Each structure stands twice: as structure tokens, then as C-alpha cells.
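> Contents are compact mmCIF, C-alpha atoms and all ligand atoms; file name run-v9.txt:
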# COMPACT_ATOMS: atom_id res chain seq x y z
CA MET A 1 0.00 0.00 0.00
CA VAL A 2 2.88 2.34 0.83
CA GLY A 3 4.38 1.47 -2.55
CA TYR A 4 1.11 2.33 -4.27
CA CYS A 5 0.91 5.70 -2.50
CA LEU A 6 4.50 6.46 -3.48
CA LEU A 7 3.67 5.53 -7.07
CA VAL A 8 0.72 7.94 -7.11
CA LEU A 9 2.80 10.70 -5.52
CA GLY A 10 5.59 10.10 -8.03
CA ALA A 11 3.22 10.19 -11.00
CA ASP A 12 1.58 13.29 -9.57
CA TRP A 13 4.94 15.02 -9.20
CA PHE A 14 5.90 14.00 -12.74
CA ALA A 15 2.59 15.20 -14.24
CA LYS A 16 2.86 18.49 -12.40
CA SER A 17 6.45 19.15 -13.48
CA GLN A 18 5.75 18.17 -17.11
CA PHE A 19 2.25 19.48 -17.66
CA GLY A 20 1.41 21.77 -14.74
CA THR A 21 -1.36 19.45 -13.64
CA THR A 22 -2.06 17.26 -10.61
CA ILE A 23 -4.63 14.67 -9.58
CA ASP A 24 -8.19 14.87 -10.80
CA GLY A 25 -10.61 17.45 -9.58
CA ASP A 26 -13.87 15.49 -9.45
CA TRP A 27 -14.79 16.63 -5.98
CA PHE A 28 -14.04 20.21 -6.69
CA LEU A 29 -16.15 20.18 -9.87
CA LEU A 30 -18.95 18.20 -8.37
CA TRP A 31 -19.23 20.58 -5.50
CA MET A 32 -19.48 23.39 -8.06
CA ALA A 33 -21.96 21.53 -10.23
CA SER A 34 -24.39 19.99 -7.83
CA GLY A 35 -27.15 20.63 -5.45
CA THR A 36 -26.96 18.89 -2.05
CA GLU A 37 -29.28 16.11 -3.19
CA GLU A 38 -27.11 15.31 -6.23
CA LEU A 39 -23.96 15.38 -4.15
CA ARG A 40 -25.43 12.89 -1.70
CA GLU A 41 -26.37 10.60 -4.55
CA PHE A 42 -22.86 10.72 -5.98
CA TRP A 43 -21.15 10.25 -2.61
CA ALA A 44 -22.12 6.57 -2.27
CA LEU A 45 -21.12 5.76 -5.85
CA TYR A 46 -17.81 7.55 -5.48
CA TRP A 47 -16.81 5.72 -2.32
CA LYS A 48 -17.92 2.39 -3.72
CA GLY A 49 -15.56 3.03 -6.66
CA ILE A 50 -12.65 4.20 -4.53
CA CYS A 51 -12.97 1.34 -2.01
CA GLY A 52 -13.23 -1.20 -4.84
CA THR A 53 -10.05 0.15 -6.43
CA LEU A 54 -8.16 0.20 -3.13
CA ALA A 55 -9.26 -3.36 -2.32
CA ALA A 56 -8.07 -4.57 -5.74
CA VAL A 57 -4.73 -2.79 -5.31
CA ALA A 58 -4.30 -4.23 -1.78
CA LEU A 59 -5.01 -7.71 -3.12
CA ALA A 60 -2.49 -7.28 -5.96
CA TRP A 61 0.16 -6.13 -3.51
CA ALA A 62 -0.60 -9.01 -1.12
CA ILE A 63 -0.20 -11.51 -3.96
CA ALA A 64 3.06 -9.83 -5.05
CA ILE A 65 4.45 -9.83 -1.50
CA VAL A 66 3.59 -13.49 -0.93
CA ALA A 67 5.11 -14.38 -4.32
CA ILE A 68 8.33 -12.47 -3.60
CA TRP A 69 8.58 -14.05 -0.14
CA ARG A 70 7.83 -17.56 -1.36
CA TRP A 71 9.61 -17.63 -4.76
CA PRO A 72 11.95 -14.62 -4.69
CA LYS A 73 13.96 -15.34 -7.87
CA TRP A 74 10.95 -16.05 -10.09
CA ALA A 75 8.93 -13.13 -8.75
CA VAL A 76 11.69 -10.54 -9.11
CA GLY A 77 12.45 -11.87 -12.60
CA ALA A 78 8.78 -11.56 -13.63
CA ILE A 79 8.52 -8.01 -12.25
CA ALA A 80 11.72 -6.95 -14.01
CA ALA A 81 10.43 -8.44 -17.29
CA GLY A 82 7.13 -6.57 -16.85
CA VAL A 83 8.96 -3.28 -16.30
CA VAL A 84 11.06 -3.81 -19.44
CA VAL A 85 7.97 -4.61 -21.55
CA LEU A 86 6.19 -1.47 -20.29
CA ALA A 87 9.25 0.73 -20.83
CA LEU A 88 9.64 -0.51 -24.41
CA GLY A 89 6.03 0.28 -25.20
CA GLY A 90 5.06 -3.39 -25.20
CA PRO A 91 2.60 -4.98 -27.59
CA ALA A 92 -0.35 -2.95 -28.88
CA ARG A 93 -2.56 -3.24 -25.80
CA ILE A 94 0.15 -2.30 -23.33
CA ALA A 95 1.01 0.67 -25.54
CA GLY A 96 -2.08 2.31 -24.03
CA PHE A 97 -0.04 2.50 -20.85
CA LYS A 98 2.95 4.33 -22.28
CA PRO A 99 4.12 6.20 -19.21
CA VAL A 100 3.88 9.78 -20.45
CA TYR A 101 0.42 9.38 -21.95
CA PHE A 102 -0.75 7.61 -18.81
CA ALA A 103 0.56 10.31 -16.49
CA TRP A 104 -0.86 13.07 -18.66
CA ASP A 105 -4.28 11.55 -19.04
CA THR A 106 -4.81 9.95 -15.67
CA PHE A 107 -3.50 12.67 -13.44
CA LEU A 108 -5.68 15.28 -14.90
CA ARG A 109 -5.24 18.76 -16.09
CA PHE A 110 -6.18 20.46 -12.90
CA GLY A 111 -5.53 23.94 -14.27
CA GLU A 112 -8.19 23.38 -16.93
CA TYR A 113 -10.63 22.15 -14.30
CA ARG A 114 -10.04 25.26 -12.29
CA HIS A 115 -10.63 27.32 -15.44
CA LEU A 116 -13.91 25.51 -16.16
CA ALA A 117 -15.10 26.03 -12.61
CA SER A 118 -14.23 29.73 -12.61
CA VAL A 119 -15.88 30.28 -16.02
CA VAL A 120 -19.10 28.65 -14.84
CA GLY A 121 -18.94 30.53 -11.55
CA ALA A 122 -18.80 33.82 -13.47
CA GLU A 123 -21.54 32.73 -15.90
CA ARG A 124 -23.86 31.95 -13.01
CA LYS A 125 -23.50 35.52 -11.82
CA THR A 126 -24.17 37.00 -15.26
CA GLU A 127 -27.73 37.86 -16.15
CA ARG A 128 -28.86 36.17 -19.34
CA PRO A 129 -30.78 38.12 -21.96
CA PRO A 130 -34.37 37.11 -22.73
CA LEU A 131 -35.09 34.34 -25.21
CA ARG A 132 -35.23 35.27 -28.89
CA GLU A 133 -38.57 35.15 -30.61
CA SER A 134 -37.50 33.74 -33.97
CA GLY A 135 -34.78 31.78 -35.72
CA ARG A 136 -33.89 28.25 -36.78
CA ASN A 137 -33.50 25.50 -34.25
CA ARG A 138 -30.13 23.90 -33.89
CA LEU A 139 -29.38 20.24 -33.24
CA VAL A 140 -25.92 19.28 -31.97
CA ILE A 141 -25.45 15.50 -31.97
CA LEU A 142 -22.47 14.23 -29.98
CA GLY A 143 -21.68 10.66 -30.98
CA GLU A 144 -19.76 8.31 -28.68
CA SER A 145 -16.59 6.41 -29.60
CA LEU A 146 -17.48 6.77 -33.28
CA THR A 147 -14.49 6.66 -35.61
CA SER A 148 -14.94 8.00 -39.14
CA ARG A 149 -12.68 5.16 -40.28
CA ARG A 150 -15.60 2.75 -39.85
CA MET A 151 -18.19 4.89 -41.61
CA GLY A 152 -19.23 4.13 -45.19
CA VAL A 153 -19.58 7.85 -45.98
CA TYR A 154 -15.89 8.30 -45.15
CA GLY A 155 -14.82 5.48 -47.43
CA TYR A 156 -15.05 2.39 -45.20
CA PRO A 157 -15.75 -0.47 -47.61
CA LYS A 158 -18.78 -1.79 -45.67
CA ASP A 159 -22.01 0.20 -45.97
CA THR A 160 -22.35 1.16 -42.29
CA THR A 161 -23.97 4.57 -42.95
CA PRO A 162 -26.69 4.18 -45.62
CA GLU A 163 -29.07 6.73 -44.07
CA LEU A 164 -26.43 9.43 -43.66
CA ALA A 165 -25.35 8.79 -47.26
CA ARG A 166 -28.94 9.38 -48.36
CA LEU A 167 -29.23 12.63 -46.36
CA ILE A 168 -25.97 13.83 -47.89
CA ALA A 169 -27.15 12.90 -51.40
CA GLU A 170 -30.41 14.78 -50.76
CA GLY A 171 -28.37 17.86 -49.81
CA ARG A 172 -29.81 17.90 -46.28
CA LEU A 173 -26.37 17.28 -44.77
CA GLU A 174 -22.87 18.23 -45.81
CA LEU A 175 -20.00 15.81 -45.29
CA LYS A 176 -16.97 17.69 -44.01
CA PRO A 177 -13.42 16.29 -43.76
CA GLU A 178 -12.93 14.08 -40.72
CA ARG A 179 -11.91 15.87 -37.54
CA ARG A 180 -9.11 14.90 -35.16
CA ALA A 181 -10.33 14.46 -31.58
CA THR A 182 -8.25 15.95 -28.78
CA ASN A 183 -8.68 13.34 -26.07
CA GLN A 184 -9.66 9.68 -25.80
CA TYR A 185 -11.93 10.27 -22.81
CA THR A 186 -15.45 11.60 -23.20
CA ALA A 187 -15.67 14.37 -20.65
CA ARG A 188 -12.24 15.80 -21.42
CA ALA A 189 -12.80 15.68 -25.19
CA LEU A 190 -16.09 17.52 -24.66
CA MET A 191 -14.32 20.08 -22.50
CA ASP A 192 -11.94 20.84 -25.38
CA MET A 193 -14.90 21.24 -27.74
CA MET A 194 -17.18 23.26 -25.52
CA LEU A 195 -15.02 25.53 -23.42
CA ASP A 196 -12.93 28.46 -24.59
CA ASP A 197 -10.90 31.10 -22.77
CA GLU A 198 -13.94 32.95 -21.50
CA HIS A 199 -17.11 30.92 -21.83
CA THR A 200 -18.80 27.59 -22.25
CA GLN A 201 -20.42 27.03 -25.63
CA VAL A 202 -23.83 26.55 -23.99
CA TRP A 203 -23.53 29.91 -22.25
CA ARG A 204 -22.74 31.62 -25.55
CA GLU A 205 -25.84 30.13 -27.14
CA ARG A 206 -27.97 30.96 -24.15
CA ALA A 207 -26.63 34.52 -24.18
CA ASP A 208 -27.51 34.62 -27.87
CA GLY A 209 -31.17 34.07 -26.95
CA TYR A 210 -31.53 30.36 -27.65
CA ARG A 211 -33.31 28.03 -25.26
CA VAL A 212 -30.74 25.25 -24.68
CA VAL A 213 -31.55 21.67 -23.70
CA LEU A 214 -29.32 18.64 -23.12
CA VAL A 215 -30.78 15.21 -23.86
CA SER A 216 -28.31 12.52 -22.80
CA ALA A 217 -28.24 8.74 -23.07
CA GLN A 218 -25.08 8.58 -20.95
CA ASP A 219 -24.81 7.94 -17.23
CA ARG A 220 -25.40 11.00 -15.18
CA TRP A 221 -22.91 9.84 -12.59
CA GLU A 222 -20.06 8.62 -14.70
CA ARG A 223 -16.60 9.38 -13.46
CA TYR A 224 -15.64 12.93 -14.46
CA CYS A 225 -19.32 13.75 -14.48
CA GLY A 226 -18.49 17.09 -12.88
CA ILE A 227 -17.05 18.19 -16.22
CA GLU A 228 -20.18 17.28 -18.15
CA GLN A 229 -22.45 18.87 -15.56
CA LEU A 230 -20.54 22.13 -15.69
CA LEU A 231 -20.26 22.24 -19.49
CA PHE A 232 -24.06 22.02 -19.66
CA ASP A 233 -24.63 24.19 -16.60
CA ALA A 234 -26.18 27.05 -18.56
CA CYS A 235 -28.82 24.78 -20.15
CA ASP A 236 -32.45 25.62 -19.53
CA GLU A 237 -33.11 21.92 -19.07
CA ARG A 238 -31.15 18.65 -18.83
CA VAL A 239 -32.81 15.34 -19.63
CA TYR A 240 -31.14 12.00 -18.82
CA ILE A 241 -33.01 9.13 -20.45
CA ARG A 242 -30.80 6.52 -18.75
CA GLN A 243 -31.66 6.41 -15.09
CA ASP A 244 -31.17 4.05 -12.15
CA GLY A 245 -28.52 2.20 -14.16
CA LYS A 246 -31.10 0.72 -16.54
CA ASN A 247 -29.95 0.05 -20.07
CA VAL A 248 -31.60 2.15 -22.75
CA TYR A 249 -30.96 2.18 -26.47
CA ASP A 250 -30.21 5.36 -28.37
CA GLU A 251 -33.52 5.22 -30.26
CA GLU A 252 -35.16 6.39 -27.03
CA LEU A 253 -33.39 9.70 -27.59
CA VAL A 254 -35.66 10.43 -30.55
CA PRO A 255 -38.96 11.02 -28.68
CA ALA A 256 -37.06 12.88 -25.93
CA VAL A 257 -35.46 15.22 -28.48
CA LYS A 258 -38.80 15.69 -30.25
CA LYS A 259 -40.34 16.73 -26.94
CA ALA A 260 -37.42 19.06 -26.20
CA MET A 261 -37.91 20.74 -29.58
CA GLU A 262 -41.58 21.37 -28.93
CA GLY A 263 -40.88 24.06 -26.33
CA HIS A 264 -39.92 27.66 -27.03
CA SER A 265 -38.23 28.17 -30.39
CA PRO A 266 -35.46 28.79 -31.42
CA CYS A 267 -33.69 26.21 -29.33
CA VAL A 268 -30.38 24.37 -29.32
CA VAL A 269 -30.73 20.72 -28.40
CA TYR A 270 -27.56 18.84 -27.48
CA VAL A 271 -27.90 15.10 -27.91
CA HIS A 272 -25.31 13.00 -26.10
CA MET A 273 -25.47 9.47 -27.51
CA MET A 274 -24.30 6.14 -26.12
CA GLY A 275 -23.26 5.33 -29.71
CA SER A 276 -20.42 2.83 -30.05
CA HIS A 277 -19.27 3.00 -26.43
CA PHE A 278 -17.06 0.10 -25.25
CA LEU A 279 -18.87 -3.22 -25.72
CA PRO A 280 -20.48 -1.82 -28.88
CA GLY A 281 -22.50 -5.01 -29.36
CA ASP A 282 -24.52 -4.07 -26.26
CA ARG A 283 -25.62 -0.79 -27.87
CA VAL A 284 -27.67 -2.43 -30.60
CA PRO A 285 -31.20 -3.75 -29.93
CA GLU A 286 -32.02 -7.30 -31.05
CA ALA A 287 -35.01 -6.09 -33.07
CA PHE A 288 -32.73 -3.83 -35.11
CA ARG A 289 -30.32 -6.70 -35.81
CA ALA A 290 -33.21 -8.91 -36.89
CA ALA A 291 -34.57 -6.23 -39.23
CA LYS A 292 -31.23 -5.34 -40.85
CA GLY A 293 -29.50 -8.73 -40.82
CA SER A 294 -29.54 -9.22 -44.58
CA LYS A 295 -27.86 -5.84 -45.18
CA ALA A 296 -25.14 -6.34 -42.60
CA VAL A 297 -23.29 -9.37 -43.89
CA GLY A 298 -19.81 -9.62 -42.38
CA PHE A 299 -20.44 -6.83 -39.85
CA ASP A 300 -18.69 -7.12 -36.49
CA ASP A 301 -20.21 -5.65 -33.32
CA TYR A 302 -18.60 -2.29 -33.93
CA ASP A 303 -19.96 -2.08 -37.50
CA TRP A 304 -23.39 -2.88 -36.11
CA SER A 305 -23.14 -0.05 -33.60
CA VAL A 306 -22.23 2.35 -36.43
CA LEU A 307 -25.19 1.12 -38.51
CA TYR A 308 -27.45 1.68 -35.52
CA THR A 309 -26.02 5.16 -34.89
CA ASP A 310 -26.67 5.93 -38.58
CA HIS A 311 -30.30 4.86 -38.07
CA VAL A 312 -30.79 6.98 -34.92
CA VAL A 313 -28.99 10.07 -36.21
CA SER A 314 -31.00 10.09 -39.43
CA GLN A 315 -34.22 10.00 -37.42
CA LEU A 316 -33.00 12.92 -35.31
CA VAL A 317 -32.08 14.91 -38.42
CA ARG A 318 -35.53 14.33 -39.91
CA LEU A 319 -37.31 15.63 -36.79
CA ASP A 320 -37.01 19.23 -37.93
CA PRO A 321 -36.35 19.72 -41.67
CA SER A 322 -35.23 23.32 -41.17
CA ALA A 323 -32.91 22.82 -38.18
CA GLU A 324 -29.20 23.56 -38.37
CA ILE A 325 -27.30 20.33 -37.72
CA TYR A 326 -23.90 19.51 -36.32
CA PHE A 327 -22.90 15.88 -35.86
CA THR A 328 -19.53 14.71 -34.58
CA SER A 329 -18.11 12.34 -31.96
CA ASP A 330 -16.14 12.94 -28.79
CA HIS A 331 -13.34 10.61 -29.95
CA GLY A 332 -12.92 7.53 -32.11
CA GLU A 333 -12.19 3.98 -31.05
CA SER A 334 -9.32 1.53 -31.41
CA VAL A 335 -11.70 -1.26 -32.28
CA ASN A 336 -10.85 -4.64 -30.73
CA ALA A 337 -8.00 -3.22 -28.61
CA GLY A 338 -10.06 -3.82 -25.48
CA ARG A 339 -11.00 -1.63 -22.57
CA TRP A 340 -7.65 0.14 -22.42
CA ARG A 341 -7.55 1.27 -26.03
CA ASP A 342 -4.54 1.88 -28.20
CA PRO A 343 -3.71 5.57 -28.67
CA SER A 344 -1.33 4.73 -31.52
CA ASP A 345 -4.34 3.60 -33.60
CA GLU A 346 -5.50 6.41 -35.92
CA ALA A 347 -9.10 5.21 -35.66
CA MET A 348 -8.89 6.28 -32.01
CA TRP A 349 -8.59 9.90 -33.12
CA TYR A 350 -10.49 10.47 -36.36
CA VAL A 351 -14.17 11.32 -36.03
CA PRO A 352 -16.89 12.49 -38.41
CA GLU A 353 -17.97 16.06 -38.96
CA ILE A 354 -21.29 16.28 -40.74
CA ALA A 355 -23.28 19.49 -40.66
CA SER A 356 -25.92 21.70 -42.17
CA GLY A 357 -25.93 25.47 -41.86
CA TYR A 358 -24.27 25.28 -38.47
CA ALA A 359 -22.07 28.07 -37.16
CA ARG A 360 -20.77 28.30 -33.62
CA ALA A 361 -22.16 31.15 -31.53
CA GLU A 362 -19.47 33.82 -31.01
ZN ZN U 401 -16.42 8.88 -25.13
What is this structure when it is put down as C-alpha cells?
Ligand SMILES: [Zn+2]

Amino acid sequence: MVGYCLLVLGADWFAKSQFGTTIDGDWFLLWMASGTEELREFWALYWKGICGTLAAVALAWAIAIVAIWRWPKWAVGAIAAGVVVLALGGPARIAGFKPVYFAWDTFLRFGEYRHLASVVGAERKTERPPLRESGRNRLVILGESLTSRRMGVYGYPKDTTPELARLIAEGRLELKPERRATNQYTARALMDMMLDDEHTQVWRERADGYRVVLVSAQDRWERYCGIEQLLFDACDERVYIRQDGKNVYDEELVPAVKKAMEGHSPCVVYVHMMGSHFLPGDRVPEAFRAAKGSKAVGFDDYDWSVLYTDHVVSQLVRLDPSAEIYFTSDHGESVNAGRWRDPSDEAMWYVPEIASGYARAE
């Protein structure tokens, strides 16, 4: 346990000296983001996670100590071999643990957290102008773990995006060059997209007179949820269709977005999908597989999740024929590299950018 603490302290020191950042700021952000009720709800989850991690680490250390005590030569040899493999970058999966990337991404960018919190603090104190009376609605669709490298419209040989292709052919949507994501983790990639030096994107739209609504299929209490909560702090309403841990499919976003669009217009509706999130096979309903089976010959689980995203996004786009559209993803995916991903895989970074008449509020 002492070794583990020293490891954390060492990584923290390294991250701070290299990147000016220290350990993550969940508590800080959550305190900023939440009401007392929400904080209480998160508290139990947070401690369950922390205690689970500590127990696993204690167990790993106990096994290592027993092994070193019982079979010292073998154990020390195995540890030394492990260190060498890690230092050399290892095979593809272990490459996700390359020390610099790990330190940078795990021991977060605390300065940016502090910036987010101070921006939102100032926005809360600023009076917002009244809602506009006219203008086009705007739909911002944030895909999840969707790499453009697996999308038919970006040249993938399998037809994973027939509906988007049709909307592009009809002139409803414009296919832009693929975009490079800035981070492989959802909340931090969103922070790069939706926070600038002075304001959150939602605040700018709200200040511009739009009613702004978030409709999310993601967990409200994911780790780093404080970031998401603060990025969408200026929303008039936030709707989470996935509650009490129950699994929902992205198609349930469609009626929720339709309802959100029925309020005061013009509005901006942010849609946060579950998309192709890790274990992409779980994101696709059986009924959809049964209906599309003949068109999806040779599709793996990831291809299926892209086909399903194509189906949901096209329905969202058709909800309001005059709405401005912006569709992208937080980051891509190193398909089949497992839970820990492979940052050296280009598919991890390249995401779609498909739009219609959309311009960011300045
Ligand atoms: Zn993500």
C-alpha cells in the first residue's frame, strides 16, 4: 500500500512538473456543479468506486508480497520483465499505458478544471438576456466512440452509414473532412470542444437568446461527471433518459429530443449518444439486428453499432427539416483493442464532422 501511495505521488509530481497538472478534480467540480441532493447521490457511488479500487490494489500487492517471499527469484524476474515490456512500449494493448500518456491523461489537467469552474462561476452571476422570438432551431449531436474510419460515408468499404449517405445525397447534410479528436476520454474531449478562454459554448448560445436543452443517453454519474455537468450548466433543461442504471438504447433519444424541440423556439438541443461505447455489441437492440441482418453481412459488433447510430442520427435529423445540424463524436475507437484502447491507432482519433448550416455562436 505504501508502494502504491509512493507511485501515485511520483506520478503526480511528474505530471505536475511536465504538464502543470495534478490529480483529478472530481470533488471540486462536483461541488461546483451539484445541489446537495445530487452530491449525496454521488457520494455513495464515489466511495464504492474508490474502495473497490483500493481493495483490488491491496489484493495485488498481497499476492506480489507473498510471491516475492515464497519464490523470490521467479517473482523478481517476472517483475523486471514486466517493467522492461512497459518501458519498451510493449505490444499494442500495453502501448495504451505508455508512461507519459498515462501520467498526462490519468493525473488530470487540474488547471483546466479550475478554469472551467471559474468560467461557470462567473456565468452563473451574469444575467442572461431574454429568449429570442424567432430563428432556426439547432441540433448538436455528440456521438460516442465513433471513428470516421468505420463509416461508409468516409470510405469504409462496408455500408455502415446508408441513411447518412442518403441525407448527404439529398443535400440535407454536408459531409466535411474528418476531424481529429483531442482526447480519448469523453468528458475531457467535450471540455476541449465546448469551453474556450472565456465561456462555455452553452452559455454563448444561451446569451444569444436560444433556449438550450441537453438530452443525454449517458450515465449521469459517470466518473468525471463534474465536467459534463458544468459544461451544460447554462442549459435551460437537462434530460437523462438513462436512469437508475437501466440500459436504454439510443432510439429512445428520438422522442425525448422531439419533446425538447416542442418548447420555445429557437432552441439548441444537445444530444449525447451512447453510440459505439465500449462493448459496442450491447448498444444495438435485437429487433434492429433482426430487421437489418440481410444488409449487414460480415459486420462485427462495432460495424453494427455504427449502422445503428446511422439509423438513430438520421431520425434525429428528420425531426425538424429546417434545423441547423452539427454531428460529430467525442473521440474515435481503437476497435478490438479492449477496454484500455490503443492511442497509436488512428481510428482512435479520427471522427466524423457532418453538418448543415451550423455556425458556432461567437
Ligand atoms: Zn467517449
> For ligand ZN 401 (chain U), list the contacting residues at 8 Å or closer, counting all atoms listed in the file, as a list in words.
Glu144, Ser145, Gln184, Tyr185, Thr186, Ala187, Ala189, His277, Ser329, Asp330, His331 and Gly332 of chain A
> For the atom pair CA of Arg211 in chain A and CA of Leu319 in chain A, what is the interatomic distance in Å to one decimal place?
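Distance between the two atoms: 17.4 Å.
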> Using all atoms listed in the file, which of A:Ser356, A:Gln243, A:Asn137, A:Ser118 sits nearest Ala260 in chain A?
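Closest candidate: A:Asn137.
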> Expressed in Å to a single decimal, how great is the separation between CA of Leu142 in chain A and CA of Val213 in chain A?
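Computed distance, CA of Leu142 in chain A to CA of Val213 in chain A, equals 13.3 Å.
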> Which of these residues is nearest to Gly143 in chain A, using only C-alpha atoms: A:Val254, A:Gly155, A:Ile63, A:Ala217?
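Counting only C-alpha atoms, the residue closest to Gly143 in chain A is A:Ala217.
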